[in-house]
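Everything below belongs to start19.cif, which stores mmCIF, C-alpha atoms and all ligand atoms.
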```cif
data_final
loop_
_atom_site.label_atom_id
_atom_site.label_comp_id
_atom_site.auth_asym_id
_atom_site.auth_seq_id
_atom_site.Cartn_x
_atom_site.Cartn_y
_atom_site.Cartn_z
CA MET A 1 154.98 19.12 112.70
CA ASP A 2 152.59 18.49 109.83
CA HIS A 3 148.98 17.56 109.24
CA PHE A 4 149.50 14.10 107.74
CA LEU A 5 148.47 11.72 110.50
CA TYR A 6 146.88 8.28 110.80
CA ARG A 7 143.33 8.04 112.04
CA ASP A 8 141.95 4.58 112.64
CA GLY A 9 144.71 3.13 110.52
CA ALA A 10 144.24 5.40 107.51
CA LEU A 11 146.62 8.20 106.55
CA TYR A 12 144.90 11.56 106.37
CA ALA A 13 145.85 14.88 104.83
CA GLU A 14 144.20 17.20 107.36
CA ASP A 15 140.62 15.84 107.39
CA VAL A 16 140.75 14.02 104.07
CA PRO A 17 141.78 10.37 103.74
CA VAL A 18 144.74 10.16 101.37
CA ALA A 19 143.22 7.05 99.78
CA GLU A 20 140.13 9.06 98.84
CA ILE A 21 142.29 11.56 96.95
CA ALA A 22 144.06 8.66 95.24
CA SER A 23 140.73 7.27 94.03
CA ALA A 24 139.72 10.68 92.72
CA VAL A 25 142.92 11.72 90.92
CA GLY A 26 144.85 8.48 90.37
CA THR A 27 148.47 7.92 91.38
CA PRO A 28 151.09 9.19 91.61
CA PHE A 29 150.30 12.69 92.84
CA TYR A 30 151.48 15.40 95.21
CA VAL A 31 149.24 16.56 98.03
CA TYR A 32 149.83 19.65 100.15
CA SER A 33 148.31 20.70 103.46
CA THR A 34 147.15 24.30 103.76
CA ALA A 35 147.34 24.18 107.57
CA THR A 36 150.97 23.03 107.46
CA LEU A 37 151.98 25.71 104.95
CA LEU A 38 150.37 28.39 107.10
CA ARG A 39 151.78 26.98 110.32
CA HIS A 40 155.31 27.10 108.94
CA PHE A 41 154.92 30.61 107.58
CA HIS A 42 153.64 31.83 110.95
CA LEU A 43 156.50 30.13 112.81
CA PHE A 44 158.95 32.33 110.89
CA ASP A 45 156.79 35.42 111.05
CA ASP A 46 156.39 35.02 114.82
CA ALA A 47 160.09 34.27 115.27
CA LEU A 48 160.89 37.76 113.99
CA ALA A 49 158.16 39.53 115.95
CA GLY A 50 159.41 42.78 117.39
CA MET A 51 161.70 43.42 114.43
CA ASP A 52 160.72 45.18 111.25
CA HIS A 53 160.65 42.19 108.90
CA LEU A 54 159.21 40.40 105.89
CA VAL A 55 159.17 36.65 105.31
CA CYS A 56 159.69 36.14 101.58
CA TYR A 57 158.81 32.58 100.65
CA ALA A 58 161.49 31.15 98.32
CA MET A 59 158.98 29.95 95.78
CA LYS A 60 161.39 27.77 93.86
CA ALA A 61 160.63 25.16 96.56
CA ALA A 62 157.01 24.78 95.38
CA SER A 63 155.49 27.36 93.09
CA ASN A 64 151.95 26.28 92.31
CA GLN A 65 149.64 29.30 92.10
CA ALA A 66 147.41 27.92 94.86
CA ILE A 67 150.35 27.56 97.24
CA LEU A 68 151.53 31.08 96.47
CA LYS A 69 148.06 32.50 96.98
CA THR A 70 147.66 30.65 100.28
CA LEU A 71 150.85 32.24 101.58
CA ALA A 72 150.32 35.64 99.97
CA GLU A 73 146.95 35.95 101.70
CA VAL A 74 148.60 35.84 105.11
CA GLY A 75 151.16 38.46 104.12
CA ALA A 76 154.10 36.52 102.75
CA GLY A 77 156.45 38.18 100.31
CA MET A 78 158.13 36.10 97.63
CA ASP A 79 161.73 35.43 96.72
CA VAL A 80 161.95 34.76 92.98
CA VAL A 81 164.86 33.63 90.84
CA SER A 82 163.49 33.95 87.31
CA GLN A 83 161.04 35.87 85.17
CA GLY A 84 158.73 32.87 85.27
CA GLU A 85 158.68 32.92 89.06
CA TYR A 86 158.23 36.69 89.08
CA LEU A 87 155.20 36.39 86.78
CA ARG A 88 153.83 33.49 88.82
CA ALA A 89 154.06 35.58 92.00
CA ARG A 90 152.33 38.52 90.32
CA ALA A 91 149.65 36.21 88.92
CA ALA A 92 149.00 34.92 92.45
CA GLY A 93 148.33 38.49 93.54
CA VAL A 94 151.65 39.33 95.20
CA ALA A 95 152.40 43.06 94.96
CA GLY A 96 155.65 44.02 93.29
CA ASP A 97 156.93 45.65 96.45
CA LYS A 98 156.81 42.28 98.19
CA ILE A 99 158.87 40.47 95.55
CA VAL A 100 162.61 40.07 95.98
CA PHE A 101 164.47 39.14 92.80
CA SER A 102 167.41 36.80 93.50
CA GLY A 103 169.48 34.66 91.18
CA VAL A 104 172.94 34.64 89.75
CA GLY A 105 172.18 35.45 86.11
CA LYS A 106 169.31 37.88 85.63
CA THR A 107 168.85 38.85 82.00
CA HIS A 108 167.96 42.31 80.68
CA GLU A 109 164.49 41.02 79.89
CA GLU A 110 164.00 39.73 83.43
CA ILE A 111 165.21 43.00 84.91
CA ARG A 112 162.90 44.99 82.64
CA THR A 113 159.90 42.85 83.59
CA ALA A 114 160.54 43.32 87.30
CA LEU A 115 161.27 47.05 87.09
CA THR A 116 158.13 47.60 85.05
CA GLY A 117 155.88 45.45 87.22
CA GLY A 118 157.38 46.54 90.54
CA VAL A 119 160.02 44.92 92.69
CA ARG A 120 161.04 45.18 96.32
CA GLN A 121 164.72 44.86 95.47
CA PHE A 122 167.17 42.98 93.32
CA ASN A 123 169.75 40.91 95.13
CA VAL A 124 172.73 41.52 92.88
CA GLU A 125 175.41 38.89 92.50
CA SER A 126 178.11 40.55 90.39
CA GLU A 127 179.32 43.85 88.96
CA PRO A 128 178.26 43.05 85.37
CA GLU A 129 174.78 42.33 86.70
CA MET A 130 174.87 45.66 88.53
CA ASP A 131 175.70 47.37 85.22
CA ALA A 132 172.80 45.59 83.54
CA ILE A 133 170.29 46.66 86.20
CA ASN A 134 171.62 50.21 86.10
CA GLU A 135 171.28 50.30 82.31
CA VAL A 136 167.70 49.04 82.28
CA ALA A 137 166.71 51.36 85.15
CA LEU A 138 168.12 54.41 83.34
CA GLU A 139 166.40 53.34 80.13
CA LEU A 140 163.06 53.14 81.97
CA GLY A 141 163.70 56.33 83.95
CA VAL A 142 163.46 54.60 87.34
CA VAL A 143 165.81 53.83 90.21
CA ALA A 144 166.31 50.17 91.06
CA PRO A 145 166.58 49.22 94.74
CA ILE A 146 169.38 46.71 95.23
CA THR A 147 171.29 44.75 97.80
CA VAL A 148 174.54 42.99 97.01
CA ARG A 149 174.76 39.30 97.77
CA VAL A 150 177.93 38.77 99.72
CA ASN A 151 179.54 35.41 100.08
CA PRO A 152 180.65 35.15 103.70
CA ASP A 153 182.87 32.11 103.05
CA VAL A 154 181.36 29.87 105.69
CA ASP A 155 180.87 26.15 105.46
CA ALA A 156 177.15 25.45 105.60
CA LYS A 157 177.86 21.78 106.43
CA THR A 158 175.23 20.58 104.01
CA HIS A 159 175.18 18.56 100.78
CA ALA A 160 177.73 19.95 98.27
CA LYS A 161 175.02 20.53 95.64
CA ILE A 162 173.12 22.90 97.94
CA ALA A 163 176.00 24.71 99.70
CA THR A 164 176.32 28.24 98.36
CA GLY A 165 178.29 30.27 100.90
CA LYS A 166 181.88 29.08 100.36
CA SER A 167 184.28 31.19 98.34
CA GLU A 168 184.49 28.50 95.65
CA ASN A 169 180.72 28.64 94.98
CA LYS A 170 179.38 30.70 92.07
CA PHE A 171 177.19 32.85 94.31
CA GLY A 172 177.61 36.46 95.39
CA ILE A 173 180.74 38.55 95.73
CA PRO A 174 183.51 37.77 98.22
CA ILE A 175 182.90 39.69 101.41
CA SER A 176 186.49 40.95 101.21
CA ARG A 177 185.59 42.89 98.04
CA ALA A 178 182.41 44.38 99.45
CA SER A 179 183.86 47.83 100.07
CA ALA A 180 184.93 48.27 96.44
CA VAL A 181 181.76 46.76 95.02
CA TYR A 182 179.48 48.92 97.17
CA ALA A 183 181.43 52.02 96.18
CA TYR A 184 180.96 51.07 92.55
CA ALA A 185 177.22 50.45 93.04
CA ALA A 186 176.83 53.83 94.71
CA SER A 187 178.39 55.48 91.68
CA LEU A 188 175.64 54.18 89.37
CA SER A 189 172.73 56.60 89.28
CA GLY A 190 170.15 54.00 88.27
CA LEU A 191 170.68 52.10 91.51
CA ASP A 192 169.62 52.74 95.09
CA VAL A 193 171.84 50.64 97.35
CA ILE A 194 169.64 49.73 100.29
CA GLY A 195 171.18 46.73 101.96
CA ILE A 196 173.06 43.47 102.08
CA ASP A 197 172.00 39.98 101.05
CA CYS A 198 173.43 36.62 101.98
CA HIS A 199 172.27 33.02 101.55
CA ILE A 200 174.70 30.30 102.51
CA GLY A 201 172.95 27.13 101.49
CA SER A 202 170.00 24.85 101.97
CA GLN A 203 169.00 22.12 104.42
CA LEU A 204 171.22 23.50 107.21
CA THR A 205 170.73 21.45 110.32
CA GLU A 206 172.82 23.55 112.73
CA LEU A 207 172.71 27.21 113.67
CA GLY A 208 176.51 27.58 113.82
CA PRO A 209 177.02 28.45 110.12
CA PHE A 210 174.16 30.98 110.24
CA ARG A 211 175.72 32.58 113.31
CA LEU A 212 179.11 32.93 111.62
CA ALA A 213 177.54 34.36 108.46
CA TYR A 214 175.27 36.81 110.27
CA GLN A 215 178.10 38.04 112.48
CA LYS A 216 180.02 38.83 109.31
CA VAL A 217 176.97 40.60 107.89
CA ALA A 218 176.68 42.66 111.09
CA GLU A 219 180.32 43.75 110.84
CA LEU A 220 179.89 44.52 107.17
CA THR A 221 176.78 46.62 107.91
CA GLU A 222 178.75 48.81 110.29
CA MET A 223 181.68 49.08 107.92
CA LEU A 224 179.54 50.03 104.91
CA ARG A 225 177.61 52.54 107.00
CA SER A 226 180.89 54.13 108.03
CA GLU A 227 181.73 54.37 104.35
CA GLY A 228 178.56 56.38 103.77
CA HIS A 229 176.10 53.71 102.55
CA ASP A 230 172.60 53.83 103.98
CA ILE A 231 172.28 50.13 104.83
CA ARG A 232 168.69 49.76 105.98
CA ARG A 233 167.69 46.23 104.95
CA LEU A 234 169.34 42.86 105.46
CA ASP A 235 168.21 39.87 103.47
CA LEU A 236 169.41 36.79 105.30
CA GLY A 237 168.44 34.16 102.75
CA GLY A 238 166.78 30.85 103.52
CA GLY A 239 168.23 27.48 104.24
CA LEU A 240 166.90 26.26 107.58
CA GLY A 241 166.65 22.48 107.29
CA ILE A 242 163.78 20.12 107.98
CA PRO A 243 163.73 16.69 109.63
CA TYR A 244 163.60 14.30 106.66
CA GLU A 245 164.03 11.34 108.99
CA ARG A 246 161.65 11.17 111.87
CA SER A 247 164.12 9.04 113.76
CA ASN A 248 166.90 11.65 113.58
CA GLU A 249 167.53 14.60 115.78
CA ALA A 250 165.40 17.54 114.64
CA PRO A 251 167.10 20.63 113.16
CA PRO A 252 166.81 23.94 115.04
CA LEU A 253 163.37 25.53 115.21
CA PRO A 254 162.42 28.76 113.45
CA SER A 255 162.06 30.33 116.91
CA GLU A 256 165.70 29.51 117.69
CA TYR A 257 166.73 30.83 114.28
CA GLY A 258 164.77 34.03 114.95
CA GLN A 259 166.46 34.38 118.32
CA LEU A 260 169.85 34.06 116.62
CA ILE A 261 168.91 36.81 114.15
CA LYS A 262 167.93 39.09 117.02
CA GLU A 263 171.17 38.34 118.84
CA THR A 264 173.47 38.91 115.89
CA LEU A 265 171.65 41.73 114.08
CA GLY A 266 169.07 43.17 116.47
CA HIS A 267 171.25 46.11 117.49
CA LEU A 268 171.58 47.43 113.94
CA ASN A 269 168.11 48.95 113.56
CA VAL A 270 167.56 47.40 110.14
CA GLU A 271 164.68 45.78 108.38
CA ILE A 272 165.12 42.00 108.18
CA GLU A 273 164.10 39.79 105.30
CA ILE A 274 164.34 36.02 105.30
CA GLU A 275 163.74 33.67 102.38
CA PRO A 276 162.73 30.25 103.69
CA GLY A 277 161.55 27.76 101.07
CA ARG A 278 162.09 24.19 102.21
CA LEU A 279 160.92 24.70 105.77
CA ILE A 280 157.63 26.21 104.63
CA ALA A 281 156.75 23.70 101.90
CA GLY A 282 158.81 20.57 102.63
CA ASN A 283 156.79 18.91 105.33
CA ALA A 284 153.59 20.38 103.92
CA GLY A 285 153.60 17.90 101.03
CA LEU A 286 153.48 14.19 100.31
CA MET A 287 154.05 12.31 97.11
CA VAL A 288 151.62 9.42 96.97
CA SER A 289 152.38 6.44 94.82
CA LYS A 290 151.09 2.91 94.23
CA VAL A 291 152.94 -0.37 94.35
CA ILE A 292 152.83 -1.86 90.83
CA TYR A 293 154.75 -5.05 91.54
CA VAL A 294 156.60 -6.70 94.34
CA LYS A 295 159.53 -8.39 92.67
CA SER A 296 161.71 -10.91 94.42
CA GLY A 297 165.32 -10.59 93.36
CA GLU A 298 168.36 -12.44 94.50
CA GLY A 299 168.49 -11.88 98.20
CA ARG A 300 166.30 -8.81 98.01
CA ASP A 301 162.75 -7.74 97.32
CA PHE A 302 161.91 -4.75 95.17
CA LEU A 303 158.85 -2.60 95.58
CA ILE A 304 158.25 -1.22 92.10
CA LEU A 305 156.15 1.94 92.33
CA ASP A 306 154.27 3.95 89.74
CA GLY A 307 156.15 7.07 90.93
CA ALA A 308 159.70 7.54 89.70
CA MET A 309 162.76 9.77 89.73
CA ASN A 310 161.18 12.08 87.16
CA ASP A 311 158.40 12.80 89.67
CA LEU A 312 160.65 13.18 92.74
CA ILE A 313 164.31 13.54 91.88
CA ARG A 314 165.75 14.32 95.30
CA PRO A 315 166.93 10.79 96.14
CA ALA A 316 168.68 10.44 92.76
CA MET A 317 170.09 13.96 92.76
CA TYR A 318 171.06 14.57 96.39
CA GLU A 319 171.05 11.05 97.83
CA ALA A 320 168.16 12.41 99.83
CA HIS A 321 166.21 10.36 102.33
CA HIS A 322 162.43 10.45 102.36
CA ASP A 323 160.45 8.56 104.95
CA ILE A 324 158.05 6.30 103.02
CA VAL A 325 154.95 5.14 104.85
CA PRO A 326 152.02 2.92 103.92
CA VAL A 327 148.77 4.82 103.39
CA THR A 328 147.01 2.04 105.30
CA GLU A 329 148.82 1.75 108.60
CA ALA A 330 150.42 -1.60 109.35
CA GLU A 331 148.82 -3.77 112.02
CA PRO A 332 150.58 -3.16 115.31
CA GLY A 333 153.36 -5.65 115.93
CA ILE A 334 153.61 -6.83 112.34
CA GLU A 335 157.14 -7.74 111.33
CA GLN A 336 158.84 -5.29 108.98
CA ARG A 337 161.04 -6.45 106.13
CA PRO A 338 163.65 -4.76 103.94
CA TYR A 339 162.70 -3.57 100.46
CA ASP A 340 164.52 -1.75 97.70
CA ILE A 341 161.95 0.86 96.69
CA VAL A 342 162.27 1.84 93.05
CA GLY A 343 160.45 3.49 90.17
CA PRO A 344 159.94 2.11 86.67
CA VAL A 345 162.35 4.50 84.87
CA CYS A 346 165.22 2.92 82.94
CA GLU A 347 168.01 4.15 85.21
CA SER A 348 169.55 2.48 88.20
CA GLY A 349 169.42 5.92 89.80
CA ASP A 350 165.65 5.53 89.88
CA THR A 351 165.91 4.11 93.38
CA PHE A 352 164.15 5.85 96.24
CA ALA A 353 165.54 3.71 99.04
CA LYS A 354 167.64 0.59 99.53
CA GLN A 355 166.90 -2.06 102.11
CA ARG A 356 164.23 0.13 103.69
CA MET A 357 162.35 -1.58 106.51
CA MET A 358 158.65 -1.56 105.68
CA PRO A 359 155.62 -3.58 106.69
CA PRO A 360 154.80 -6.23 104.07
CA LEU A 361 153.24 -4.60 101.01
CA GLN A 362 151.43 -5.91 97.97
CA ALA A 363 150.68 -4.74 94.46
CA GLY A 364 147.98 -2.10 94.62
CA ASP A 365 148.96 -0.76 98.04
CA LEU A 366 149.52 2.98 98.39
CA VAL A 367 152.61 4.53 99.93
CA ALA A 368 153.34 8.15 100.82
CA PHE A 369 156.70 9.90 100.62
CA ARG A 370 156.91 12.33 103.48
CA SER A 371 158.62 15.73 103.28
CA ALA A 372 158.11 15.88 99.52
CA GLY A 373 156.50 19.32 99.38
CA ALA A 374 159.70 21.24 98.62
CA TYR A 375 161.85 20.65 95.55
CA GLY A 376 159.46 17.88 94.52
CA ALA A 377 156.86 18.86 91.94
CA VAL A 378 158.94 21.83 90.78
CA MET A 379 161.87 19.60 89.83
CA ALA A 380 159.74 17.01 88.07
CA SER A 381 160.17 16.26 84.39
CA GLU A 382 158.50 14.12 81.76
CA TYR A 383 161.48 11.85 81.33
CA ASN A 384 160.43 8.49 79.87
CA SER A 385 157.35 10.34 78.57
CA ARG A 386 155.69 10.14 81.94
CA PRO A 387 153.27 13.10 82.18
CA LEU A 388 153.84 15.51 85.08
CA ILE A 389 151.90 14.26 88.06
CA PRO A 390 149.00 16.26 89.50
CA GLU A 391 149.13 18.49 92.55
CA VAL A 392 146.31 18.56 95.09
CA LEU A 393 145.73 21.04 97.91
CA VAL A 394 143.84 20.09 101.05
CA HIS A 395 142.07 22.60 103.27
CA GLY A 396 140.30 21.04 106.25
CA ASP A 397 137.88 18.49 104.83
CA GLN A 398 138.11 19.85 101.29
CA PHE A 399 140.58 19.09 98.56
CA ALA A 400 141.11 20.47 95.08
CA VAL A 401 143.30 19.54 92.15
CA ILE A 402 145.58 22.56 91.77
CA ARG A 403 147.38 21.22 88.70
CA ALA A 404 145.76 18.52 86.63
CA ARG A 405 147.60 15.59 85.15
CA PRO A 406 148.05 16.28 81.42
CA SER A 407 146.62 13.70 79.07
CA PHE A 408 148.99 11.75 76.87
CA ASP A 409 147.68 13.72 73.87
CA GLU A 410 148.43 17.02 75.59
CA MET A 411 151.93 15.83 76.27
CA ILE A 412 152.53 14.57 72.76
CA ASN A 413 150.91 17.54 71.03
CA ARG A 414 153.27 19.97 72.70
CA ASP A 415 155.75 18.85 70.05
CA THR A 416 155.40 20.20 66.54
CA ILE A 417 156.44 18.58 63.29
CA PRO A 418 158.48 20.70 60.86
CA SER A 419 157.12 21.24 57.33
CA TRP A 420 159.65 18.89 55.70
CA LEU A 421 158.36 15.85 57.56
C1 LIG B 1 167.10 28.30 97.35
C2 LIG B 1 167.18 29.64 97.95
C3 LIG B 1 166.44 29.95 99.10
C4 LIG B 1 165.60 28.94 99.83
O1 LIG B 1 166.35 27.94 100.42
P1 LIG B 1 165.61 26.86 101.37
O2 LIG B 1 166.69 25.95 101.75
O3 LIG B 1 164.58 26.22 100.54
O4 LIG B 1 165.05 27.60 102.52
C5 LIG B 1 166.49 31.24 99.57
N1 LIG B 1 167.23 32.19 98.96
C6 LIG B 1 167.97 31.93 97.85
C7 LIG B 1 168.75 33.01 97.23
C8 LIG B 1 167.96 30.65 97.31
O5 LIG B 1 168.69 30.39 96.24
#
```

Write-out of the structure in structure tokens:
Amino acid sequence: MDHFLYRDGALYAEDVPVAEIASAVGTPFYVYSTATLLRHFHLFDDALAGMDHLVCYAMKAASNQAILKTLAEVGAGMDVVSQGEYLRARAAGVAGDKIVFSGVGKTHEEIRTALTGGVRQFNVESEPEMDAINEVALELGVVAPITVRVNPDVDAKTHAKIATGKSENKFGIPISRASAVYAYAASLSGLDVIGIDCHIGSQLTELGPFRLAYQKVAELTEMLRSEGHDIRRLDLGGGLGIPYERSNEAPPLPSEYGQLIKETLGHLNVEIEIEPGRLIAGNAGLMVSKVIYVKSGEGRDFLILDGAMNDLIRPAMYEAHHDIVPVTEAEPGIEQRPYDIVGPVCESGDTFAKQRMMPPLQAGDLVAFRSAGAYGAVMASEYNSRPLIPEVLVHGDQFAVIRARPSFDEMINRDTIPSWL
């Protein structure tokens, strides 16, 4: 559920007409709903009620300071995967002890920044990384809390580019080696081994793979405890999918996911962490774009938008589907027609949808891409020298630009000319 609904034929973001935002900031732009962000956070938080837990928002999904602050204010922790994300979380007021540092290649500098500024734990992905964290911790005279990311070798049944829990993926250590790796970690005096981490992929639309993975984590918890490790925290990753197509069957609910966690891990008396990203931000954001031209091709009509693959890369990168809706609702009963919906970038991949049934549209009309809040703005680039598009946050009947569109001069002047030119 989100807060982007039609009222009297006009699409609203909470209590603000989307067209009004378009007039104020120009198109294309991203708009997020505070109420939807909070609703999704609370769904997870409530799903784990009764267990000692922390919901750490995987901020790589959408990392604007205003989004982070919105979630931090209701108690969210953050899952970060880089120094930049760590510093963003701190800048948004998140305490170090609520920041989990994930990622497959943390550098010494990143480790130092987190150990100095405070960190809840590092999720460690390899023995060399363990050595690096140990080294930096000893150098700073502190002890670094860590979990080890285990790869449970389950098929997440999702797009290959976002599956992470099979043995052939680059992530984590094979669960079969856990015993040896934990023994090694325990031998390093700069580390405090507090738990286990696992994240099997993104946009999972069934609970089965989670169940398999968490059962393996439960067994591993008991085994490692019997080997003398004080396993007191389990980080279960993120990955619960969202309904990108309204017409499709909806993925499992956070409440069902929470129930599964209780069933598989509830008996272990551990603290639970989860790292949802997409489900918190995805349906909390739209990308709004304007039709520049309607071009009639041979046997097909193209809607050429002012938004492009550099602004929202998911269709080009993951063959992702986004529902695209007119900002002014079509008259009831009007006949839909198929359009190829494309951006102006010089790549055939700059195609958002082929033969998508839409009400008739004209140049100047606004359309909204649903479910664009996660992995949208954060993956944008300035390819084709198209400035990054602005982000707007709505709260009830108010809205604010939370990242302004850079001017062309700002974009150009980021480059510098060497002295010999
Ligand atoms: C990407 C990622 C997440 C978030 O995944 P979603 O599918 O957005 O919920 C959580 N944890 C780790 C380690 C990740 O890499």

Show me, as a tab-separated table, the residues of chain A having an atom within 7 Å of ligand LIG 1 (chain B), each with the closest atom pair and its distance in Å, using all atoms listed in the file.
```
residue	atom	partner	partner_atom	distance
A:Ala58	CA	B:LIG1	C4	4.9
A:Lys60	CA	B:LIG1	C1	6.7
A:Ala61	CA	B:LIG1	O3	5.7
A:Asp79	CA	B:LIG1	N1	6.8
A:Ser102	CA	B:LIG1	C7	5.5
A:Gly103	CA	B:LIG1	C7	6.3
A:His199	CA	B:LIG1	C7	5.6
A:Gly201	CA	B:LIG1	O2	6.4
A:Ser202	CA	B:LIG1	O2	3.5
A:Gln203	CA	B:LIG1	O2	5.2
A:Gly237	CA	B:LIG1	N1	4.4
A:Gly238	CA	B:LIG1	O4	3.8
A:Gly239	CA	B:LIG1	O2	3.3
A:Leu240	CA	B:LIG1	O4	5.6
A:Gly241	CA	B:LIG1	O2	6.5
A:Glu275	CA	B:LIG1	C5	4.6
A:Pro276	CA	B:LIG1	O4	3.7
A:Gly277	CA	B:LIG1	O3	3.4
A:Arg278	CA	B:LIG1	O3	3.6
A:Leu279	CA	B:LIG1	O4	6.0
```

Would you export the selected residues with C-alpha atoms as an mmCIF file, in the frame of the given file, please?
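Okay, this is what ended up in part_25.cif:
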```
data_model
loop_
_atom_site.group_PDB
_atom_site.id
_atom_site.type_symbol
_atom_site.label_atom_id
_atom_site.label_comp_id
_atom_site.auth_asym_id
_atom_site.auth_seq_id
_atom_site.Cartn_x
_atom_site.Cartn_y
_atom_site.Cartn_z
ATOM 1 C CA ALA A 58 161.490 31.150 98.320
ATOM 2 C CA LYS A 60 161.390 27.770 93.860
ATOM 3 C CA ALA A 61 160.630 25.160 96.560
ATOM 4 C CA ASP A 79 161.730 35.430 96.720
ATOM 5 C CA SER A 102 167.410 36.800 93.500
ATOM 6 C CA GLY A 103 169.480 34.660 91.180
ATOM 7 C CA HIS A 199 172.270 33.020 101.550
ATOM 8 C CA GLY A 201 172.950 27.130 101.490
ATOM 9 C CA SER A 202 170.000 24.850 101.970
ATOM 10 C CA GLN A 203 169.000 22.120 104.420
ATOM 11 C CA GLY A 237 168.440 34.160 102.750
ATOM 12 C CA GLY A 238 166.780 30.850 103.520
ATOM 13 C CA GLY A 239 168.230 27.480 104.240
ATOM 14 C CA LEU A 240 166.900 26.260 107.580
ATOM 15 C CA GLY A 241 166.650 22.480 107.290
ATOM 16 C CA GLU A 275 163.740 33.670 102.380
ATOM 17 C CA PRO A 276 162.730 30.250 103.690
ATOM 18 C CA GLY A 277 161.550 27.760 101.070
ATOM 19 C CA ARG A 278 162.090 24.190 102.210
ATOM 20 C CA LEU A 279 160.920 24.700 105.770
#
```

Segment 337-350 of chain A environment, 10 Å, all atoms listed in the file, sequence neighbours closer than 6 positions dropped, as a PyMOL selection string: chain A and resi 289+291-292+294-297+300-313+315-317+319+324+356-361+383-386

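Among A:Phe122, A:Ala47, A:Asn64, A:Met130, the residue with the shortest atom-to-atom distance to Val80 of chain A, counting all atoms listed in the file, is A:Phe122.
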
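Using only C-alpha atoms for every distance, the candidate list A:Ile67, A:Ala62, A:Cys56, A:Ala185 yields A:Ile67 as the residue closest to Val401 of chain A.
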
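The neighbours of Tyr182 of chain A here are the residues that come within 9 Å of it, using all atoms listed in the file and leaving out any residue fewer than 5 positions away in the same chain; they are A:Val148, A:Arg177, A:Ser187, A:Val193, A:Leu224, A:His229.
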
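Atom CA of Asn151 of chain A is found 16.1 Å from atom CA of Ile274 of chain A.
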
Practice task
Please determine the residues with any atom at most 10 Å from (152.2, 34.4, 95.6) (coordinates as given in the file, with all atoms listed in the file counting) and report them as an MDAnalysis selection string.
Solution key: chainID A and resid 56:57 59 63:73 75:79 85:95 98:99

Can you write out the residues you just picked, keeping C-alpha atoms, as an mmCIF file, in the frame of the given file?
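Result saved to out-v4.cif:
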```cif
data_model
loop_
_atom_site.group_PDB
_atom_site.id
_atom_site.type_symbol
_atom_site.label_atom_id
_atom_site.label_comp_id
_atom_site.auth_asym_id
_atom_site.auth_seq_id
_atom_site.Cartn_x
_atom_site.Cartn_y
_atom_site.Cartn_z
ATOM 1 C CA CYS A 56 159.690 36.140 101.580
ATOM 2 C CA TYR A 57 158.810 32.580 100.650
ATOM 3 C CA MET A 59 158.980 29.950 95.780
ATOM 4 C CA SER A 63 155.490 27.360 93.090
ATOM 5 C CA ASN A 64 151.950 26.280 92.310
ATOM 6 C CA GLN A 65 149.640 29.300 92.100
ATOM 7 C CA ALA A 66 147.410 27.920 94.860
ATOM 8 C CA ILE A 67 150.350 27.560 97.240
ATOM 9 C CA LEU A 68 151.530 31.080 96.470
ATOM 10 C CA LYS A 69 148.060 32.500 96.980
ATOM 11 C CA THR A 70 147.660 30.650 100.280
ATOM 12 C CA LEU A 71 150.850 32.240 101.580
ATOM 13 C CA ALA A 72 150.320 35.640 99.970
ATOM 14 C CA GLU A 73 146.950 35.950 101.700
ATOM 15 C CA GLY A 75 151.160 38.460 104.120
ATOM 16 C CA ALA A 76 154.100 36.520 102.750
ATOM 17 C CA GLY A 77 156.450 38.180 100.310
ATOM 18 C CA MET A 78 158.130 36.100 97.630
ATOM 19 C CA ASP A 79 161.730 35.430 96.720
ATOM 20 C CA GLU A 85 158.680 32.920 89.060
ATOM 21 C CA TYR A 86 158.230 36.690 89.080
ATOM 22 C CA LEU A 87 155.200 36.390 86.780
ATOM 23 C CA ARG A 88 153.830 33.490 88.820
ATOM 24 C CA ALA A 89 154.060 35.580 92.000
ATOM 25 C CA ARG A 90 152.330 38.520 90.320
ATOM 26 C CA ALA A 91 149.650 36.210 88.920
ATOM 27 C CA ALA A 92 149.000 34.920 92.450
ATOM 28 C CA GLY A 93 148.330 38.490 93.540
ATOM 29 C CA VAL A 94 151.650 39.330 95.200
ATOM 30 C CA ALA A 95 152.400 43.060 94.960
ATOM 31 C CA LYS A 98 156.810 42.280 98.190
ATOM 32 C CA ILE A 99 158.870 40.470 95.550
#
```

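Residue nearest Asp2 of chain A, chosen from A:Ile173, A:Met287, A:Ala35, A:Ala144 and counting all atoms listed in the file: A:Ala35.
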
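Take the candidates A:Met51, A:Val74, A:Ile334, A:Ile111 and check each one against His267 of chain A using all atoms listed in the file; the shortest distance goes to A:Met51.
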
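The space separating atom CA of Gly190 of chain A from atom CA of Val143 of chain A comes to 4.8 Å.
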
Asn283 of chain A proximity check over A:Ile242, A:Ala24, A:Met379, A:Ala160, using only C-alpha atoms: winner is A:Ile242

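Interatomic distance, atom CA of Phe41 of chain A to atom CA of Gly258 of chain A: 12.8 Å.
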
The residue from A:Val392, A:Val154, A:Ile231, A:Val55 with the smallest atom-to-atom distance to His40 of chain A, counting only C-alpha atoms, is A:Val55

**Answer as a PyMOL selection string, residues within 12 Å of (166.7, 26.0, 118.1) using all atoms listed in the file** = chain A and resi 47+205-208+210+240-241+249-261
